[in-house]
Amino acid sequence: MDLWSKLRQGLKRTREHAGQVLESVLGRPGAPDLEERHRLEEALLLADVGPATAERLIALALERMRRHHDLGLRGALIQTAAEMLDVPGPPLEPAPGSTGPWVLLLVGVNGSGKTTLAGKLAAHFAQQGRHTLLVAADTFRAAALEQLEAWAARAGVEMVGARAGSDPAAAVHDGLEAAKARGTDVVLVDTAGRLHTRHNLMTELEKVGRVCGKLVSGAPHHVLLVLDATIGQNGLVQAREFQRAVPVTSLAVNKLDGTARGGVVLAIADQLRLPIRVLGTGEGLDEWASFEPLAFARALFE
């Protein structure tokens with residue numbers, strides 16, 4: 001199944017939730033009148049796009065229609081949404097010619113799917129021929145170490161862990177020292193899930209970031225914030241708080257399959273201006289995809 005088909009399937013509930021209202025507007029030719037524009041905004045809010053982003057999307061789409069008279073509302077919304085989603089930023093991979101371990105920090109709240117995504121990405125980098133190491137920095141959650149060990153085995157990569165209850169920053173220190181000694185190309189650090197409202201845990205995350213920088217120049221080279229699509233607009237609040245603790249580079253959005261709130265992806269890109277790099281589309285080792293703005297926009301409106 002190609003990415004567009006996966007997205008169509010994953011966003012089915014989102015479209016169903018807002019679809020009746022949305023189709024009543026998109027199914028008519030020409031620019032919407034005021035009443036239709038209100039219904040369109042209602043449909044976008046039902047999909048959890050959020051008021052500010054919905055208003056901006058509609059205004060930009062109507063402006064696009066004024067410039068291109070042969071363009072319908074659906075096409076204008078797709079093109080405009082794709083542009084809003086296409087936020088520039090560094091790729092989720094080491095820069096060509098880089099030396100030493102490239103360190104990726106996965107952060108997010110409890111239950112967002114960080115550990116699962118860490119395993120998927122580890123398999124991806126290993127398949128590219130890169131010597132990859134998983135570091136278990138979640139020393140709080142019961143069975144976190146065992147879960148990452150299982151993913152490391154599935155991905156065919158090495159793992160460094162620490163005993164439960166130990167200092168996460170110390171675990172990262174040991175992991176990066178091992179990576180340097182082994183000539184590792186890519187290090188994926190799976191941090192503990194933490195509520196963005198727990199300031200002591202966010203401070204601890206800052207410490208992990210500092211330890212990375214002391215051991216490997218420029219590390220962490222990429223901070224991937226993993227969000228759960230089912231929480232909708234709360235993802236925006238979480239992302240803003242994590243940005244205060246660590247320099248978030250890009251976003252991964254998990255659990256798009258089966259959520260009625262898929263429009264939040266558009267709000268996240270628009271409001272935070274952070275690139276979305278990864279979509280989680282299931283629990284399997286290969287059930288993820290690099291984010292493609294146009295494919296997502298089409299899946300949302302077609």
# chains A, B, ... in the order shown; residues from 1 in each chain; ligands from 1
>>> residues_around(residues="segment 83-99 of chain A", least_positions_apart="2", cutoff="7 Å", atoms="only C-alpha atoms", output="MDAnalysis selection string")
chainID A and resid 79:81 101:102 266 269:270 273:275 277 293
>>> write_last_selection(atoms="N, CA and C atoms", output="PDB file, in the first residue's frame")
ATOM      1  N   GLN A  79      -3.846  22.413  -2.187  1.00  0.00           N
ATOM      2  CA  GLN A  79      -2.580  23.081  -2.493  1.00  0.00           C
ATOM      3  C   GLN A  79      -2.130  23.987  -1.348  1.00  0.00           C
ATOM      4  N   THR A  80      -3.077  24.700  -0.749  1.00  0.00           N
ATOM      5  CA  THR A  80      -2.741  25.608   0.347  1.00  0.00           C
ATOM      6  C   THR A  80      -2.299  24.829   1.579  1.00  0.00           C
ATOM      7  N   ALA A  81      -3.013  23.766   1.895  1.00  0.00           N
ATOM      8  CA  ALA A  81      -2.644  22.941   3.052  1.00  0.00           C
ATOM      9  C   ALA A  81      -1.261  22.334   2.849  1.00  0.00           C
ATOM     10  N   PRO A 101      29.519   9.792  15.859  1.00  0.00           N
ATOM     11  CA  PRO A 101      28.110   9.403  15.957  1.00  0.00           C
ATOM     12  C   PRO A 101      27.163  10.586  15.782  1.00  0.00           C
ATOM     13  N   TRP A 102      26.120  10.367  14.993  1.00  0.00           N
ATOM     14  CA  TRP A 102      25.017  11.318  14.843  1.00  0.00           C
ATOM     15  C   TRP A 102      23.959  10.943  15.881  1.00  0.00           C
ATOM     16  N   LEU A 266      -2.084  19.693  10.636  1.00  0.00           N
ATOM     17  CA  LEU A 266      -2.035  20.976   9.930  1.00  0.00           C
ATOM     18  C   LEU A 266      -1.825  22.118  10.909  1.00  0.00           C
ATOM     19  N   ALA A 269       1.894  22.161  12.217  1.00  0.00           N
ATOM     20  CA  ALA A 269       2.846  22.727  11.252  1.00  0.00           C
ATOM     21  C   ALA A 269       2.675  24.236  11.130  1.00  0.00           C
ATOM     22  N   ASP A 270       1.426  24.700  11.111  1.00  0.00           N
ATOM     23  CA  ASP A 270       1.150  26.118  10.922  1.00  0.00           C
ATOM     24  C   ASP A 270       1.529  26.942  12.145  1.00  0.00           C
ATOM     25  N   ARG A 273       5.557  26.022  13.215  1.00  0.00           N
ATOM     26  CA  ARG A 273       6.556  26.143  12.139  1.00  0.00           C
ATOM     27  C   ARG A 273       7.716  25.177  12.369  1.00  0.00           C
ATOM     28  N   LEU A 274       7.369  23.950  12.758  1.00  0.00           N
ATOM     29  CA  LEU A 274       8.334  22.871  12.866  1.00  0.00           C
ATOM     30  C   LEU A 274       8.021  21.839  11.782  1.00  0.00           C
ATOM     31  N   PRO A 275       9.033  21.345  11.104  1.00  0.00           N
ATOM     32  CA  PRO A 275       8.763  20.347  10.064  1.00  0.00           C
ATOM     33  C   PRO A 275       8.309  19.020  10.663  1.00  0.00           C
ATOM     34  N   ARG A 277       8.419  15.154  10.126  1.00  0.00           N
ATOM     35  CA  ARG A 277       9.302  14.266   9.375  1.00  0.00           C
ATOM     36  C   ARG A 277       8.779  12.834   9.295  1.00  0.00           C
ATOM     37  N   PRO A 293       3.900  16.372   2.465  1.00  0.00           N
ATOM     38  CA  PRO A 293       2.823  17.355   2.646  1.00  0.00           C
ATOM     39  C   PRO A 293       1.663  17.194   1.677  1.00  0.00           C
TER      40      PRO A 293
END
>>> residues_around(residues="segment 200-210 of chain A", least_positions_apart="2", cutoff="12 Å", atoms="only C-alpha atoms", output="NGL selection string")
:A and (103-110 or 137-138 or 140 or 167-176 or 189-198 or 212-223 or 238 or 241-248)
>>> atom_distance(atom1="atom CA of Ala54 of chain A", atom2="atom CA of Ala267 of chain A")
8.1 Å
>>> closest_residue(among="A:Leu236, A:Leu251, A:Ala150, A:Ile276", to="Asp48 of chain A", atoms="only C-alpha atoms")
A:Leu236
>>> select_by_dssp(residues="segment 46-191 of chain A", states="alpha helix (DSSP H)", output="ChimeraX atom specification")
/A:46,51-67,73-85,114-127,144-155,168-182
>>> atom_distance(atom1="atom CA of Ala43 of chain A", atom2="atom CA of Leu22 of chain A")
5.4 Å
>>> closest_atom_pairs(of="segment 125-171 of chain A", to="segment 179-186 of chain A", cutoff="8 Å", atoms="only C-alpha atoms", output="tab-separated table")
residue	atom	partner	partner_atom	distance
A:Phe125	CA	A:Val186	CA	7.5
A:Arg130	CA	A:Asp185	CA	5.8
A:His131	CA	A:Asp185	CA	5.1
A:Thr132	CA	A:Val186	CA	4.7
A:Leu133	CA	A:Val186	CA	6.3
>>> atom_distance(atom1="atom CA of Leu227 of chain A", atom2="atom CA of Val253 of chain A")
4.9 Å
>>> residues_around(residues="Asp228 of chain A", least_positions_apart="2", cutoff="8 Å", atoms="only C-alpha atoms", output="number ranges by chain")
A: 111-113, 226, 230-232, 235, 253-256
>>> write_last_selection(atoms="N, CA and C atoms", output="mmCIF file, in the first residue's frame")
data_model
loop_
_atom_site.group_PDB
_atom_site.id
_atom_site.type_symbol
_atom_site.label_atom_id
_atom_site.label_comp_id
_atom_site.auth_asym_id
_atom_site.auth_seq_id
_atom_site.Cartn_x
_atom_site.Cartn_y
_atom_site.Cartn_z
ATOM 1 N N GLY A 111 3.274 7.436 26.529
ATOM 2 C CA GLY A 111 2.301 6.813 25.653
ATOM 3 C C GLY A 111 2.250 7.354 24.240
ATOM 4 N N SER A 112 3.177 8.225 23.872
ATOM 5 C CA SER A 112 3.145 8.801 22.521
ATOM 6 C C SER A 112 3.733 7.865 21.475
ATOM 7 N N GLY A 113 4.426 6.807 21.923
ATOM 8 C CA GLY A 113 4.980 5.840 20.978
ATOM 9 C C GLY A 113 6.445 6.042 20.658
ATOM 10 N N VAL A 226 7.887 13.364 19.558
ATOM 11 C CA VAL A 226 6.887 12.390 19.137
ATOM 12 C C VAL A 226 5.542 12.756 19.757
ATOM 13 N N THR A 230 -4.092 11.421 18.530
ATOM 14 C CA THR A 230 -5.417 11.298 19.128
ATOM 15 C C THR A 230 -5.693 12.362 20.195
ATOM 16 N N ILE A 231 -4.662 13.075 20.640
ATOM 17 C CA ILE A 231 -4.895 14.094 21.674
ATOM 18 C C ILE A 231 -5.259 15.446 21.077
ATOM 19 N N GLY A 232 -5.219 15.566 19.762
ATOM 20 C CA GLY A 232 -5.679 16.787 19.114
ATOM 21 C C GLY A 232 -4.884 18.017 19.507
ATOM 22 N N GLY A 235 -1.680 18.574 21.622
ATOM 23 C CA GLY A 235 -0.350 18.382 21.068
ATOM 24 C C GLY A 235 0.394 19.690 20.877
ATOM 25 N N VAL A 253 4.457 12.200 14.171
ATOM 26 C CA VAL A 253 3.060 12.102 14.596
ATOM 27 C C VAL A 253 2.635 10.648 14.507
ATOM 28 N N ASN A 254 2.299 10.072 15.651
ATOM 29 C CA ASN A 254 1.881 8.677 15.720
ATOM 30 C C ASN A 254 0.367 8.553 15.860
ATOM 31 N N LYS A 255 -0.129 7.351 15.652
ATOM 32 C CA LYS A 255 -1.527 6.976 15.901
ATOM 33 C C LYS A 255 -2.516 7.753 15.035
ATOM 34 N N LEU A 256 -2.102 8.058 13.810
ATOM 35 C CA LEU A 256 -3.035 8.704 12.888
ATOM 36 C C LEU A 256 -4.160 7.760 12.479
#
>>> residues_around(residues="Trp288 of chain A", least_positions_apart="6", cutoff="9 Å", atoms="only C-alpha atoms", output="MDAnalysis selection string")
chainID A and resid 117 120:121 254 278:282
>>> write_last_selection(atoms="C-alpha atoms", output="PDB file, in the first residue's frame")
ATOM      1  CA  LEU A 117       9.354   4.616  16.770  1.00  0.00           C
ATOM      2  CA  LYS A 120      11.491   1.432  13.586  1.00  0.00           C
ATOM      3  CA  LEU A 121      14.045   4.157  12.913  1.00  0.00           C
ATOM      4  CA  ASN A 254       1.881   8.677  15.720  1.00  0.00           C
ATOM      5  CA  VAL A 278       7.603  10.998  10.361  1.00  0.00           C
ATOM      6  CA  LEU A 279       4.101   9.541  10.430  1.00  0.00           C
ATOM      7  CA  GLY A 280       3.357   6.414  12.422  1.00  0.00           C
ATOM      8  CA  THR A 281       0.873   4.286  10.493  1.00  0.00           C
ATOM      9  CA  GLY A 282       0.776   1.099  12.611  1.00  0.00           C
TER      10      GLY A 282
END
>>> select_by_dssp(residues="segment 3-211 of chain A", states="strand (DSSP E)", output="list of chain:residue names")
A:Trp102, A:Val103, A:Leu104, A:Leu105, A:Leu106, A:Val107, A:Thr132, A:Leu133, A:Leu134, A:Val135, A:Ala136, A:Ala137, A:Glu158, A:Met159, A:Val160, A:Val186, A:Val187, A:Leu188, A:Val189, A:Asp190, A:Thr191
>>> closest_residue(among="A:Arg163, A:Arg141, A:Arg240, A:Arg74", to="Ala297 of chain A", atoms="only C-alpha atoms")
A:Arg74
>>> closest_residue(among="A:Leu46, A:Ala299, A:Leu62, A:Leu224", to="Gly30 of chain A", atoms="only C-alpha atoms")
A:Leu62
>>> closest_residue(among="A:Ala31, A:His124, A:Ala52, A:Ala252", to="Arg64 of chain A", atoms="only C-alpha atoms")
A:Ala31
>>> decode(residues="segment 209-228 of chain A", atoms="N, CA and C atoms", output="PDB file, in the first residue's frame")
ATOM      1  N   GLY A 209      20.248  16.622  27.409  1.00  0.00           N
ATOM      2  CA  GLY A 209      20.747  17.344  26.248  1.00  0.00           C
ATOM      3  C   GLY A 209      22.156  17.880  26.464  1.00  0.00           C
ATOM      4  N   ARG A 210      22.411  18.389  27.655  1.00  0.00           N
ATOM      5  CA  ARG A 210      23.741  18.922  27.956  1.00  0.00           C
ATOM      6  C   ARG A 210      24.801  17.821  27.949  1.00  0.00           C
ATOM      7  N   VAL A 211      24.436  16.654  28.485  1.00  0.00           N
ATOM      8  CA  VAL A 211      25.376  15.529  28.505  1.00  0.00           C
ATOM      9  C   VAL A 211      25.732  15.115  27.076  1.00  0.00           C
ATOM     10  N   CYS A 212      24.751  15.086  26.206  1.00  0.00           N
ATOM     11  CA  CYS A 212      25.013  14.754  24.800  1.00  0.00           C
ATOM     12  C   CYS A 212      26.051  15.700  24.204  1.00  0.00           C
ATOM     13  N   GLY A 213      25.872  16.994  24.460  1.00  0.00           N
ATOM     14  CA  GLY A 213      26.772  17.996  23.908  1.00  0.00           C
ATOM     15  C   GLY A 213      28.186  17.916  24.446  1.00  0.00           C
ATOM     16  N   LYS A 214      28.336  17.477  25.693  1.00  0.00           N
ATOM     17  CA  LYS A 214      29.665  17.372  26.287  1.00  0.00           C
ATOM     18  C   LYS A 214      30.465  16.202  25.699  1.00  0.00           C
ATOM     19  N   LEU A 215      29.748  15.145  25.315  1.00  0.00           N
ATOM     20  CA  LEU A 215      30.438  13.948  24.848  1.00  0.00           C
ATOM     21  C   LEU A 215      30.631  13.906  23.337  1.00  0.00           C
ATOM     22  N   VAL A 216      29.687  14.472  22.603  1.00  0.00           N
ATOM     23  CA  VAL A 216      29.754  14.457  21.136  1.00  0.00           C
ATOM     24  C   VAL A 216      29.510  15.873  20.634  1.00  0.00           C
ATOM     25  N   SER A 217      30.421  16.394  19.862  1.00  0.00           N
ATOM     26  CA  SER A 217      30.312  17.768  19.375  1.00  0.00           C
ATOM     27  C   SER A 217      29.014  17.977  18.600  1.00  0.00           C
ATOM     28  N   GLY A 218      28.255  19.018  19.011  1.00  0.00           N
ATOM     29  CA  GLY A 218      27.024  19.371  18.320  1.00  0.00           C
ATOM     30  C   GLY A 218      25.818  18.545  18.688  1.00  0.00           C
ATOM     31  N   ALA A 219      25.995  17.538  19.547  1.00  0.00           N
ATOM     32  CA  ALA A 219      24.880  16.666  19.920  1.00  0.00           C
ATOM     33  C   ALA A 219      23.987  17.323  20.991  1.00  0.00           C
ATOM     34  N   PRO A 220      22.703  16.988  21.004  1.00  0.00           N
ATOM     35  CA  PRO A 220      22.032  16.119  20.045  1.00  0.00           C
ATOM     36  C   PRO A 220      21.875  16.830  18.700  1.00  0.00           C
ATOM     37  N   HIS A 221      22.145  16.107  17.624  1.00  0.00           N
ATOM     38  CA  HIS A 221      22.091  16.695  16.294  1.00  0.00           C
ATOM     39  C   HIS A 221      20.662  16.838  15.784  1.00  0.00           C
ATOM     40  N   HIS A 222      19.767  16.043  16.330  1.00  0.00           N
ATOM     41  CA  HIS A 222      18.357  16.130  15.947  1.00  0.00           C
ATOM     42  C   HIS A 222      17.521  15.749  17.171  1.00  0.00           C
ATOM     43  N   VAL A 223      16.540  16.589  17.492  1.00  0.00           N
ATOM     44  CA  VAL A 223      15.603  16.279  18.579  1.00  0.00           C
ATOM     45  C   VAL A 223      14.233  16.074  17.950  1.00  0.00           C
ATOM     46  N   LEU A 224      13.759  14.840  18.015  1.00  0.00           N
ATOM     47  CA  LEU A 224      12.491  14.468  17.393  1.00  0.00           C
ATOM     48  C   LEU A 224      11.414  14.388  18.474  1.00  0.00           C
ATOM     49  N   LEU A 225      10.458  15.298  18.401  1.00  0.00           N
ATOM     50  CA  LEU A 225       9.339  15.291  19.346  1.00  0.00           C
ATOM     51  C   LEU A 225       8.241  14.395  18.801  1.00  0.00           C
ATOM     52  N   VAL A 226       7.887  13.364  19.558  1.00  0.00           N
ATOM     53  CA  VAL A 226       6.887  12.390  19.137  1.00  0.00           C
ATOM     54  C   VAL A 226       5.542  12.756  19.757  1.00  0.00           C
ATOM     55  N   LEU A 227       4.547  12.992  18.905  1.00  0.00           N
ATOM     56  CA  LEU A 227       3.217  13.382  19.355  1.00  0.00           C
ATOM     57  C   LEU A 227       2.196  12.309  19.015  1.00  0.00           C
ATOM     58  N   ASP A 228       1.166  12.232  19.822  1.00  0.00           N
ATOM     59  CA  ASP A 228       0.051  11.309  19.627  1.00  0.00           C
ATOM     60  C   ASP A 228      -1.086  12.078  18.973  1.00  0.00           C
TER      61      ASP A 228
END
